[in-house]
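Coordinates from run31.txt are shown below (compact mmCIF, C-alpha atoms).
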```txt
# COMPACT_ATOMS: atom_id res chain seq x y z
CA MET H 857 -28.93 -24.22 -24.31
CA SER H 858 -26.73 -23.58 -21.22
CA ASP H 859 -26.85 -26.07 -18.35
CA HIS H 860 -26.69 -23.16 -15.92
CA PRO H 861 -29.25 -20.38 -15.48
CA THR H 862 -28.20 -16.80 -16.23
CA GLY H 863 -26.62 -15.26 -13.16
CA SER H 864 -25.70 -18.61 -11.60
CA LEU H 865 -22.25 -18.86 -10.02
CA ASN H 866 -22.03 -22.28 -11.66
CA ALA H 867 -21.75 -20.49 -15.02
CA VAL H 868 -18.65 -18.53 -13.94
CA PRO H 869 -15.46 -19.83 -15.61
CA VAL H 870 -12.92 -21.53 -13.34
CA ALA H 871 -9.24 -20.56 -13.54
CA PRO H 872 -6.88 -23.34 -14.63
CA GLY H 873 -4.28 -24.74 -12.26
CA ARG H 874 -6.52 -25.96 -9.42
CA VAL H 875 -5.12 -28.86 -7.36
CA PRO H 876 -6.85 -31.01 -4.73
CA VAL H 877 -7.11 -29.57 -1.20
CA LEU H 878 -4.98 -26.47 -1.91
CA GLY H 879 -7.06 -25.24 -4.85
CA HIS H 880 -5.31 -22.37 -6.65
CA THR H 881 -3.14 -21.41 -3.67
CA VAL H 882 -0.07 -23.06 -5.23
CA SER H 883 -0.58 -21.18 -8.52
CA LEU H 884 -1.20 -17.91 -6.68
CA LEU H 885 1.93 -18.17 -4.56
CA ARG H 886 4.11 -19.54 -7.36
CA LYS H 887 3.04 -17.29 -10.26
CA ARG H 888 1.67 -14.29 -8.31
CA PHE H 889 1.17 -11.42 -10.78
CA GLY H 890 1.32 -13.80 -13.72
CA PHE H 891 -1.63 -15.79 -12.40
CA THR H 892 -3.94 -12.86 -11.68
CA ARG H 893 -3.05 -11.05 -14.92
CA SER H 894 -4.02 -14.17 -16.88
CA LEU H 895 -7.64 -14.21 -15.67
CA ALA H 896 -9.25 -11.32 -17.61
CA PRO H 897 -9.38 -13.22 -20.93
CA LEU H 898 -11.37 -15.97 -19.18
CA GLY H 899 -14.22 -13.67 -18.17
CA ASP H 900 -15.36 -10.60 -16.25
CA VAL H 901 -15.75 -12.77 -13.15
CA VAL H 902 -13.53 -15.84 -12.69
CA LYS H 903 -13.69 -18.45 -9.95
CA ILE H 904 -10.60 -19.46 -7.98
CA GLN H 905 -10.20 -21.71 -4.94
CA LEU H 906 -8.28 -20.57 -1.86
CA GLY H 907 -7.87 -24.05 -0.46
CA PRO H 908 -11.47 -25.27 -0.05
CA LEU H 909 -12.89 -21.72 -0.18
CA PRO H 910 -14.17 -20.37 -3.52
CA SER H 911 -13.52 -16.74 -4.40
CA TYR H 912 -14.61 -14.80 -7.47
CA VAL H 913 -12.07 -12.54 -9.15
CA VAL H 914 -13.60 -9.43 -10.74
CA THR H 915 -11.51 -8.46 -13.78
CA ARG H 916 -13.56 -5.68 -15.44
CA ALA H 917 -13.01 -2.11 -14.26
CA ASP H 918 -16.62 -0.95 -14.13
CA LEU H 919 -17.56 -4.01 -12.05
CA VAL H 920 -14.63 -3.29 -9.72
CA HIS H 921 -16.02 0.24 -9.34
CA GLN H 922 -19.36 -1.27 -8.33
CA VAL H 923 -17.71 -3.46 -5.67
CA LEU H 924 -15.59 -0.65 -4.21
CA VAL H 925 -17.85 2.36 -4.69
CA THR H 926 -21.43 2.20 -5.95
CA GLN H 927 -22.35 -1.07 -4.20
CA ALA H 928 -19.72 -0.85 -1.46
CA ALA H 929 -22.32 -1.13 1.33
CA ALA H 930 -23.10 -4.64 0.08
CA PHE H 931 -19.55 -5.79 0.83
CA ASP H 932 -17.42 -6.25 3.93
CA LYS H 933 -13.72 -7.08 4.14
CA GLY H 934 -13.05 -10.61 2.93
CA ILE H 935 -11.27 -13.76 4.08
CA MET H 936 -7.80 -12.24 3.61
CA PHE H 937 -8.59 -9.62 6.24
CA ASP H 938 -9.96 -12.32 8.55
CA ARG H 939 -6.55 -13.99 8.30
CA PHE H 940 -4.69 -10.70 8.86
CA ARG H 941 -6.82 -9.53 11.78
CA PRO H 942 -5.25 -11.72 14.54
CA PHE H 943 -1.86 -10.08 14.04
CA PHE H 944 -2.67 -6.69 12.42
CA GLY H 945 -5.63 -5.97 14.71
CA ASN H 946 -9.04 -4.53 13.91
CA GLY H 947 -8.01 -1.08 12.70
CA ILE H 948 -9.70 0.76 9.86
CA ALA H 949 -7.93 -1.37 7.23
CA MET H 950 -9.40 -4.55 8.72
CA SER H 951 -12.71 -3.66 10.37
CA ASN H 952 -16.27 -3.70 9.05
CA GLY H 953 -19.65 -2.09 9.56
CA PRO H 954 -20.49 0.56 12.17
CA PHE H 955 -17.26 -0.05 14.08
CA HIS H 956 -15.22 0.72 10.94
CA ASP H 957 -17.26 3.84 10.26
CA SER H 958 -16.78 5.05 13.84
CA GLN H 959 -13.03 4.39 13.81
CA ARG H 960 -12.62 6.11 10.46
CA ARG H 961 -14.32 9.23 11.82
CA LEU H 962 -11.94 9.21 14.79
CA VAL H 963 -8.81 8.74 12.68
CA GLN H 964 -9.74 10.99 9.74
CA PRO H 965 -8.82 14.35 11.39
CA ALA H 966 -5.19 13.19 11.68
CA PHE H 967 -5.05 13.16 7.87
CA HIS H 968 -6.83 16.43 7.17
CA VAL H 969 -5.05 18.48 4.51
CA ASN H 970 -3.94 21.02 7.13
CA ARG H 971 -2.46 18.28 9.29
CA ILE H 972 -0.60 16.80 6.32
CA ALA H 973 0.88 20.23 5.63
CA GLY H 974 2.18 20.19 9.20
CA TYR H 975 3.81 16.79 8.71
CA THR H 976 5.75 17.87 5.61
CA GLY H 977 8.46 19.49 7.69
CA THR H 978 9.28 16.04 9.11
CA MET H 979 9.08 14.49 5.64
CA CYS H 980 11.52 16.96 4.07
CA ARG H 981 13.87 17.12 7.05
CA THR H 982 14.15 13.34 7.28
CA ALA H 983 14.78 12.97 3.55
CA GLN H 984 17.36 15.78 3.69
CA GLU H 985 19.20 14.07 6.55
CA LEU H 986 19.43 10.91 4.47
CA ALA H 987 20.66 12.82 1.40
CA ASP H 988 23.24 14.63 3.55
CA SER H 989 24.57 11.31 4.87
CA TRP H 990 25.61 10.06 1.42
CA ARG H 991 28.93 10.73 -0.29
CA ALA H 992 29.72 10.92 -3.99
CA GLY H 993 30.54 7.49 -5.40
CA GLN H 994 28.95 5.64 -2.47
CA VAL H 995 27.02 2.48 -3.34
CA VAL H 996 23.80 2.24 -1.34
CA GLU H 997 21.29 -0.58 -1.10
CA PHE H 998 18.62 1.82 -2.22
CA ASP H 999 15.55 -0.30 -1.44
CA GLN H 1000 16.78 -0.77 2.14
CA ALA H 1001 17.54 2.94 2.42
CA MET H 1002 13.98 3.76 1.32
CA GLN H 1003 12.56 1.32 3.89
CA GLU H 1004 14.50 3.14 6.59
CA LEU H 1005 13.50 6.56 5.25
CA ALA H 1006 9.80 5.67 5.09
CA GLY H 1007 9.98 4.14 8.57
CA ASN H 1008 11.64 7.23 9.99
CA ILE H 1009 9.08 9.54 8.35
CA VAL H 1010 6.05 7.56 9.49
CA CYS H 1011 7.39 7.11 13.01
CA GLY H 1012 8.43 10.77 13.12
CA THR H 1013 4.89 11.90 12.34
CA LEU H 1014 3.23 9.26 14.53
CA PHE H 1015 5.34 9.64 17.65
CA THR H 1016 7.02 12.61 19.33
CA THR H 1017 7.52 10.84 22.64
CA GLU H 1018 10.67 9.85 24.52
CA LEU H 1019 10.14 6.29 23.32
CA GLY H 1020 9.88 7.34 19.67
CA ASP H 1021 13.42 6.18 18.81
CA ALA H 1022 12.84 2.77 20.40
CA VAL H 1023 9.63 2.14 18.49
CA THR H 1024 11.26 3.33 15.25
CA ALA H 1025 14.11 0.85 15.70
CA GLU H 1026 11.72 -2.01 16.44
CA VAL H 1027 9.50 -1.12 13.50
CA ARG H 1028 12.50 -1.19 11.16
CA ARG H 1029 13.52 -4.55 12.62
CA SER H 1030 10.21 -6.41 12.72
CA LEU H 1031 7.70 -4.85 10.37
CA PRO H 1032 9.29 -5.97 7.04
CA LEU H 1033 9.09 -9.59 8.21
CA VAL H 1034 5.47 -9.16 9.33
CA ILE H 1035 4.43 -7.60 6.02
CA LYS H 1036 6.17 -10.14 3.81
CA GLN H 1037 4.99 -13.20 5.74
CA GLY H 1038 1.49 -11.83 6.31
CA MET H 1039 0.38 -12.37 2.71
CA VAL H 1040 1.71 -15.93 2.67
CA ARG H 1041 -0.27 -16.64 5.83
CA ALA H 1042 -3.41 -15.05 4.42
CA LEU H 1043 -3.37 -17.26 1.32
CA SER H 1044 -2.30 -20.49 3.05
CA PRO H 1045 -4.48 -23.01 4.89
CA ALA H 1046 -4.73 -22.00 8.54
CA ALA H 1047 -3.16 -25.26 9.73
CA LEU H 1048 0.15 -24.39 8.05
CA THR H 1049 0.47 -21.17 10.06
CA ARG H 1050 0.31 -23.14 13.33
CA LEU H 1051 3.16 -25.53 12.54
CA PRO H 1052 6.16 -25.13 14.90
CA ILE H 1053 8.58 -24.19 12.12
CA PRO H 1054 11.18 -21.36 12.19
CA VAL H 1055 9.31 -18.98 9.87
CA ASN H 1056 6.17 -19.16 12.05
CA ARG H 1057 8.17 -18.64 15.25
CA GLN H 1058 9.98 -15.64 13.73
CA PHE H 1059 6.68 -14.14 12.64
CA ASP H 1060 5.06 -14.61 16.06
CA GLN H 1061 8.10 -13.17 17.82
CA ALA H 1062 8.10 -10.10 15.55
CA ILE H 1063 4.40 -9.49 16.31
CA ALA H 1064 5.05 -9.80 20.04
CA ARG H 1065 7.95 -7.32 19.91
CA LEU H 1066 5.88 -4.81 17.94
CA ARG H 1067 2.99 -5.05 20.38
CA GLN H 1068 5.28 -4.54 23.37
CA VAL H 1069 6.99 -1.42 22.04
CA VAL H 1070 3.83 0.19 20.60
CA GLN H 1071 1.89 -0.44 23.82
CA ALA H 1072 4.72 1.18 25.77
CA VAL H 1073 4.59 4.31 23.62
CA ILE H 1074 0.79 4.48 23.98
CA THR H 1075 1.11 4.28 27.78
CA GLU H 1076 3.78 6.97 27.75
CA GLY H 1077 1.61 9.09 25.42
CA ARG H 1078 -1.37 8.98 27.81
CA ASP H 1079 0.81 10.34 30.60
CA ARG H 1080 1.90 13.38 28.60
CA PRO H 1081 0.00 16.48 27.37
CA ALA H 1082 -2.18 15.80 24.34
CA ASP H 1083 -1.17 18.90 22.39
CA ARG H 1084 1.87 17.46 20.63
CA PRO H 1085 1.87 17.71 16.81
CA ASP H 1086 1.80 13.98 16.12
CA VAL H 1087 -0.77 11.42 15.01
CA LEU H 1088 -0.64 9.43 18.25
CA SER H 1089 -1.75 12.46 20.29
CA MET H 1090 -4.73 12.94 17.98
CA LEU H 1091 -5.70 9.27 18.26
CA LEU H 1092 -5.50 9.38 22.05
CA ALA H 1093 -7.57 12.56 22.25
CA ALA H 1094 -10.16 11.70 19.56
CA ARG H 1095 -13.78 11.46 20.77
CA ASP H 1096 -16.70 9.89 18.99
CA SER H 1097 -19.12 12.70 18.09
CA ASP H 1098 -22.15 10.53 18.92
CA THR H 1099 -21.07 8.85 22.15
CA GLY H 1100 -18.25 11.07 23.44
CA THR H 1101 -16.09 7.99 24.03
CA THR H 1102 -12.38 7.80 23.29
CA MET H 1103 -10.42 4.86 21.92
CA THR H 1104 -9.16 2.11 24.20
CA ASP H 1105 -5.45 1.28 24.20
CA ASP H 1106 -6.19 -1.78 22.05
CA GLN H 1107 -8.03 0.35 19.50
CA VAL H 1108 -5.20 2.87 19.39
CA TYR H 1109 -2.71 0.02 18.99
CA ASP H 1110 -4.65 -1.42 16.06
CA GLU H 1111 -4.75 1.96 14.30
CA VAL H 1112 -1.05 2.60 14.91
CA VAL H 1113 -0.09 -0.79 13.46
CA THR H 1114 -2.38 -0.15 10.49
CA LEU H 1115 -0.72 3.22 9.82
CA LEU H 1116 2.78 1.83 10.28
CA THR H 1117 2.17 -1.08 7.94
CA GLY H 1118 0.49 0.84 5.14
CA GLY H 1119 2.60 3.96 5.47
CA ILE H 1120 6.02 2.33 5.40
CA GLU H 1121 5.45 -0.25 2.68
CA THR H 1122 3.68 2.04 0.22
CA ALA H 1123 6.19 4.89 0.40
CA ALA H 1124 9.31 2.70 0.53
CA LEU H 1125 8.35 0.68 -2.53
CA ALA H 1126 7.16 3.69 -4.51
CA LEU H 1127 10.40 5.59 -3.86
CA SER H 1128 12.51 2.55 -4.72
CA TRP H 1129 10.74 2.02 -8.04
CA PHE H 1130 10.65 5.78 -8.72
CA PHE H 1131 14.43 6.05 -8.82
CA HIS H 1132 14.78 2.71 -10.60
CA GLU H 1133 12.51 3.92 -13.42
CA ILE H 1134 14.10 7.38 -13.54
CA ALA H 1135 17.49 5.73 -14.01
CA ARG H 1136 16.16 3.51 -16.82
CA HIS H 1137 14.60 6.36 -18.80
CA PRO H 1138 17.00 9.24 -19.57
CA ASP H 1139 14.31 11.37 -21.26
CA ILE H 1140 12.03 11.12 -18.22
CA ARG H 1141 14.98 11.88 -15.93
CA ARG H 1142 15.87 15.03 -17.91
CA ARG H 1143 12.28 16.29 -17.78
CA TRP H 1144 12.09 15.58 -14.05
CA HIS H 1145 15.41 17.28 -13.31
CA SER H 1146 14.31 20.30 -15.35
CA GLU H 1147 11.17 20.60 -13.22
CA LEU H 1148 13.16 20.31 -9.98
CA ASP H 1149 15.62 22.99 -11.10
CA THR H 1150 12.86 25.34 -12.25
CA VAL H 1151 10.57 24.96 -9.22
CA LEU H 1152 13.17 24.66 -6.47
CA ASN H 1153 16.00 26.77 -7.94
CA GLY H 1154 18.55 25.07 -5.71
CA ARG H 1155 16.67 25.25 -2.39
CA PRO H 1156 15.13 22.31 -0.47
CA PRO H 1157 11.48 21.53 -1.30
CA ALA H 1158 8.60 22.52 0.96
CA HIS H 1159 4.89 21.80 1.16
CA SER H 1160 4.07 24.86 -0.95
CA ASP H 1161 6.01 23.33 -3.86
CA VAL H 1162 3.80 20.25 -4.18
CA PRO H 1163 1.22 21.83 -6.57
CA ASN H 1164 4.05 22.98 -8.87
CA LEU H 1165 5.79 19.60 -9.00
CA SER H 1166 3.29 18.33 -11.57
CA TYR H 1167 5.70 16.11 -13.52
CA THR H 1168 7.03 14.64 -10.27
CA SER H 1169 3.43 13.85 -9.33
CA ALA H 1170 2.83 12.22 -12.73
CA VAL H 1171 5.90 10.02 -12.26
CA VAL H 1172 4.67 9.04 -8.78
CA ARG H 1173 1.24 8.08 -10.13
CA GLU H 1174 2.77 6.05 -12.93
CA VAL H 1175 4.98 4.25 -10.39
CA LEU H 1176 1.85 3.41 -8.39
CA ARG H 1177 0.21 2.13 -11.57
CA ARG H 1178 3.19 0.00 -12.50
CA TYR H 1179 3.92 -1.38 -9.01
CA PRO H 1180 0.65 -1.50 -6.99
CA ILE H 1181 -0.58 -3.88 -4.34
CA TRP H 1182 -1.46 -7.34 -5.58
CA LEU H 1183 -4.84 -8.24 -4.10
CA LEU H 1184 -7.87 -6.78 -2.36
CA MET H 1185 -10.68 -8.93 -1.02
CA ARG H 1186 -14.31 -8.31 -0.15
CA ARG H 1187 -17.21 -10.47 1.06
CA ALA H 1188 -20.82 -9.94 0.00
CA ASN H 1189 -23.05 -9.28 3.02
CA THR H 1190 -26.22 -9.47 0.93
CA SER H 1191 -27.23 -10.69 -2.52
CA VAL H 1192 -25.37 -8.59 -5.12
CA ARG H 1193 -25.77 -8.42 -8.87
CA LEU H 1194 -22.63 -7.77 -10.92
CA ASP H 1195 -23.66 -7.57 -14.56
CA ASP H 1196 -25.09 -11.03 -15.29
CA VAL H 1197 -23.71 -12.73 -12.17
CA THR H 1198 -25.53 -12.81 -8.82
CA LEU H 1199 -23.38 -13.21 -5.72
CA PRO H 1200 -25.19 -14.74 -2.74
CA PRO H 1201 -24.44 -13.41 0.77
CA GLY H 1202 -21.09 -14.70 2.03
CA THR H 1203 -19.48 -14.85 -1.42
CA GLU H 1204 -15.78 -13.96 -1.38
CA VAL H 1205 -14.66 -11.49 -4.07
CA THR H 1206 -11.07 -10.81 -5.14
CA ILE H 1207 -9.73 -7.77 -6.98
CA SER H 1208 -6.18 -7.43 -8.30
CA PRO H 1209 -5.07 -3.79 -8.66
CA ASP H 1210 -1.94 -5.08 -10.40
CA ALA H 1211 -3.97 -6.94 -13.03
CA LEU H 1212 -6.21 -3.92 -13.63
CA HIS H 1213 -3.21 -1.60 -13.93
CA HIS H 1214 -1.65 -3.90 -16.53
CA ASP H 1215 -4.79 -4.48 -18.57
CA SER H 1216 -4.36 -3.06 -22.10
CA ARG H 1217 -8.08 -2.22 -22.24
CA TYR H 1218 -7.41 0.55 -19.75
CA PHE H 1219 -3.70 1.31 -20.17
CA PRO H 1220 -2.35 0.79 -23.71
CA ASP H 1221 1.10 -0.82 -23.77
CA PRO H 1222 0.79 -1.37 -20.01
CA ASP H 1223 4.38 -2.55 -19.45
CA ARG H 1224 5.74 0.76 -20.79
CA PHE H 1225 6.60 3.29 -18.11
CA ASP H 1226 4.92 6.51 -19.23
CA PRO H 1227 4.21 9.33 -16.74
CA ASP H 1228 2.36 11.26 -19.45
CA ARG H 1229 -0.60 8.97 -18.76
CA PHE H 1230 -1.10 11.20 -15.68
CA ALA H 1231 0.09 14.54 -17.04
CA PRO H 1232 -2.19 17.56 -16.51
CA GLY H 1233 -4.90 17.53 -19.17
CA SER H 1234 -4.66 13.80 -19.85
CA PRO H 1235 -7.95 11.88 -19.68
CA PRO H 1236 -8.44 10.14 -16.33
CA PRO H 1237 -8.33 6.34 -16.21
CA ALA H 1238 -11.61 4.46 -16.53
CA ARG H 1239 -13.50 4.19 -13.25
CA GLY H 1240 -12.26 1.15 -11.34
CA ALA H 1241 -9.15 0.73 -13.52
CA TYR H 1242 -6.69 2.66 -11.32
CA VAL H 1243 -6.96 1.73 -7.65
CA PRO H 1244 -3.51 1.95 -6.00
CA PHE H 1245 -5.17 2.92 -2.70
CA GLY H 1246 -8.48 1.12 -3.22
CA ASP H 1247 -11.53 3.31 -3.72
CA GLY H 1248 -14.79 4.46 -2.19
CA ALA H 1249 -15.56 4.72 1.52
CA ARG H 1250 -12.76 2.29 2.39
CA LYS H 1251 -10.08 3.96 0.30
CA CYS H 1252 -6.78 4.12 2.18
CA ILE H 1253 -7.11 6.94 4.68
CA GLY H 1254 -3.47 7.90 4.23
CA ASN H 1255 -3.46 8.24 0.43
CA HIS H 1256 -2.85 12.02 0.40
CA PHE H 1257 -0.20 11.64 3.11
CA ALA H 1258 1.56 9.00 0.99
CA LEU H 1259 1.39 10.99 -2.25
CA THR H 1260 2.76 14.09 -0.51
CA GLU H 1261 5.50 12.11 1.24
CA ILE H 1262 6.66 10.33 -1.92
CA THR H 1263 6.65 13.54 -3.96
CA LEU H 1264 8.62 15.58 -1.41
CA ALA H 1265 11.09 12.80 -0.55
CA ALA H 1266 11.79 12.13 -4.24
CA ALA H 1267 12.28 15.86 -4.89
CA THR H 1268 14.58 16.25 -1.87
CA ILE H 1269 16.83 13.39 -2.96
CA GLY H 1270 16.61 14.12 -6.68
CA ALA H 1271 17.51 17.80 -6.30
CA ARG H 1272 20.91 16.77 -4.97
CA TRP H 1273 21.76 13.31 -6.25
CA ASP H 1274 21.54 11.07 -9.28
CA LEU H 1275 21.14 7.41 -8.34
CA ILE H 1276 22.88 5.21 -10.93
CA PRO H 1277 22.20 1.43 -11.07
CA LEU H 1278 25.21 -0.85 -10.76
CA PRO H 1279 26.16 -2.30 -14.17
CA GLY H 1280 25.22 -5.95 -14.63
CA LYS H 1281 22.80 -6.04 -11.67
CA THR H 1282 19.39 -7.24 -12.84
CA VAL H 1283 16.48 -5.99 -10.74
CA ARG H 1284 13.62 -8.47 -10.48
CA ILE H 1285 10.21 -8.17 -8.87
CA LYS H 1286 9.56 -10.18 -5.73
CA VAL H 1287 5.88 -10.36 -4.93
CA THR H 1288 4.42 -10.63 -1.44
CA GLY H 1289 1.37 -8.42 -1.02
CA ALA H 1290 3.11 -5.87 -3.23
CA ALA H 1291 6.01 -5.65 -5.69
CA TYR H 1292 9.41 -5.57 -3.99
CA PRO H 1293 12.67 -5.15 -5.90
CA SER H 1294 14.90 -8.20 -5.51
CA ARG H 1295 17.85 -5.92 -4.75
CA LEU H 1296 18.50 -2.34 -5.76
CA PRO H 1297 22.15 -1.28 -5.34
CA MET H 1298 22.75 2.22 -6.74
CA THR H 1299 25.70 4.57 -6.90
CA VAL H 1300 25.26 8.08 -5.47
CA THR H 1301 26.35 10.70 -8.03
CA PRO H 1302 26.14 14.49 -7.54
CA ARG H 1303 23.56 16.30 -9.67
CA VAL H 1304 24.89 18.87 -12.11
CA ARG H 1305 22.31 21.62 -12.56
```

Please rewrite the model in this file as structure tokens.
Amino acid sequence: MSDHPTGSLNAVPVAPGRVPVLGHTVSLLRKRFGFTRSLAPLGDVVKIQLGPLPSYVVTRADLVHQVLVTQAAAFDKGIMFDRFRPFFGNGIAMSNGPFHDSQRRLVQPAFHVNRIAGYTGTMCRTAQELADSWRAGQVVEFDQAMQELAGNIVCGTLFTTELGDAVTAEVRRSLPLVIKQGMVRALSPAALTRLPIPVNRQFDQAIARLRQVVQAVITEGRDRPADRPDVLSMLLAARDSDTGTTMTDDQVYDEVVTLLTGGIETAALALSWFFHEIARHPDIRRRWHSELDTVLNGRPPAHSDVPNLSYTSAVVREVLRRYPIWLLMRRANTSVRLDDVTLPPGTEVTISPDALHHDSRYFPDPDRFDPDRFAPGSPPPARGAYVPFGDGARKCIGNHFALTEITLAAATIGARWDLIPLPGKTVRIKVTGAAYPSRLPMTVTPRVR
């Protein structure tokens, strides 16, 4: 007979590798994907320790669907978001409850399908300018080029003010450091983030620079007409339908930083891995090039081409399966039952999209890159198994923007150039909150149609 009653958290298996004081933080930061992918065989819910704080990792897709969708109201953002909030603000990615719902209603119109169609001119033009700047035989640090491209696209759709160039330059300078160090801070004991060491000073300085330049562009935006075709103008003009109030400068700042952070990282990494995988798989590359030549027939892509770029879309979705974000966290705000486990209020819950996307129960041969998993007519993934943008009411508000941007940018570049990896250069995954390539030098080679 079990020593623990059914549903008791005491009956949940504990992950190996726990050390005094730091708990599983060392294993998490040292092994990253390897640690979270190893948990499913231990159980559907597995206990880990983030320092002294217990968290329960949900490893089964249907239970993940409950957390993110069917029982989403029973969960708020978890401890990781508490750690992020002081420097990323309380935008829709970080906030909870009625405030989150209100902010989401205010921001949502900026990502309506008609608005996204309007942004695609900037997406295609910016990608075309990058493609035009390359020369045959040039070696480019492709991951860095994609960071710059994604930053220029996001800033170009967010800001059409006189200060737009300044904020774009600062974003490209500071945001990569903020993103990469943010996850380390979120998983580390709070005392470590306050030590007067160079990495902490660099992080704090980057945050201060971002705040200064974004606040300046918000101030400049309030002094100009609100009919410009950018996201910032919509945020400044948005009114709550119930109260008639608009956002304060601090609220606008928080939403801008949220959109910058999510928009740049997601697109830059997806485009980097897209061309890396295309280069590694000649058959996939031939099929993709055939689609580009058939649909585009030598002209630049446009928004109207997106529905016809079905294989491009399948490659994008497979990239997002193969290289998703690492962790999501939630906190129970009431007693919640997940299968045979009851979570009391205040329980921290962790979900790893990467582990789900590499679970052979849901994706056979998960390390194989196979866009046909997402080809038209293929069965959809199990509910809760494919969550590159989260799911439910808190699903990333910019998911359609990102999918459109990645598809059109990839098509723009791929219609003109082949990107060939440098011989002998091994590309490894560096994990922060997501999967970064260690280095991705590629040679620009003209496409032959």

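CA of Tyr1242 in chain H is found 19.1 Å from CA of Leu1194 in chain H.
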
Non-local contacts of Arg1141 in chain H (12 Å; all atoms listed in the file; under 2 positions in same chain excluded) as a list in words =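 Those residues are Phe1130, Phe1131, His1132, Glu1133, Ile1134, Ala1135, Arg1136, His1137, Pro1138, Asp1139, Arg1143, Trp1144, His1145, Ser1146, Glu1147, Leu1148, Tyr1167, Thr1168, Val1171, Asp1226, Pro1227, Gly1270, Ala1271, Trp1273, Asp1274, Leu1275, Ile1276 and Arg1303 of chain H.
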
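Among the candidate residues H:Gln1037, H:Ser1191, H:Asn1153, H:Thr1268, the one lying nearest to Ala1290 in chain H is H:Gln1037, with distances computed using all atoms listed in the file.
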
Looking at H:Asn1056, H:Thr1104, H:Asn866, H:Ser1089, which one is nearest to Pro965 in chain H, with distances taken over all atoms listed in the file?
->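 Of all the options, H:Ser1089 lies closest to Pro965 in chain H.
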
Pick from H:Arg981, H:Arg939, H:Arg1065, H:Arg1080, whichever lies nearest to Leu1031 in chain H using all atoms listed in the file = H:Arg1065

Distance query Leu924 in chain H at most 10 Å, all atoms listed in the file, self and fewer than 5 positions along chain excluded, as a list in words =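 Those residues are Asp918, Leu919, Ala929, Ala930, Phe931, Arg1186, Ile1207, Gly1240, Val1243, Gly1246, Asp1247, Gly1248, Ala1249, Arg1250 and Lys1251 of chain H.
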
Selection: 7 Å around Leu1088 in chain H, only C-alpha atoms, excl. self and same-chain fewer than 3 positions, as a ChimeraX atom specification = /H:1014-1015,1091-1092

For Val1283 in chain H, which residue out of H:Pro910, H:Gly890, H:Val1175, H:Met1298 is the nearest one, using all atoms listed in the file?
->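 Among the listed residues, H:Met1298 lies closest to Val1283 in chain H.
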
Enter the distance from CA of Glu1261 in chain H to CA of Cys980 in chain H, in Å, rounded to one decimal.
->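 So the two atoms, CA of Glu1261 in chain H and CA of Cys980 in chain H, lie 8.2 Å apart.
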
Just the residues within 7 Å of Leu878 in chain H, please, counting only C-alpha atoms, with nothing from its chain fewer than 6 positions along; format it as an NGL selection string.
-> :H and (906-908)
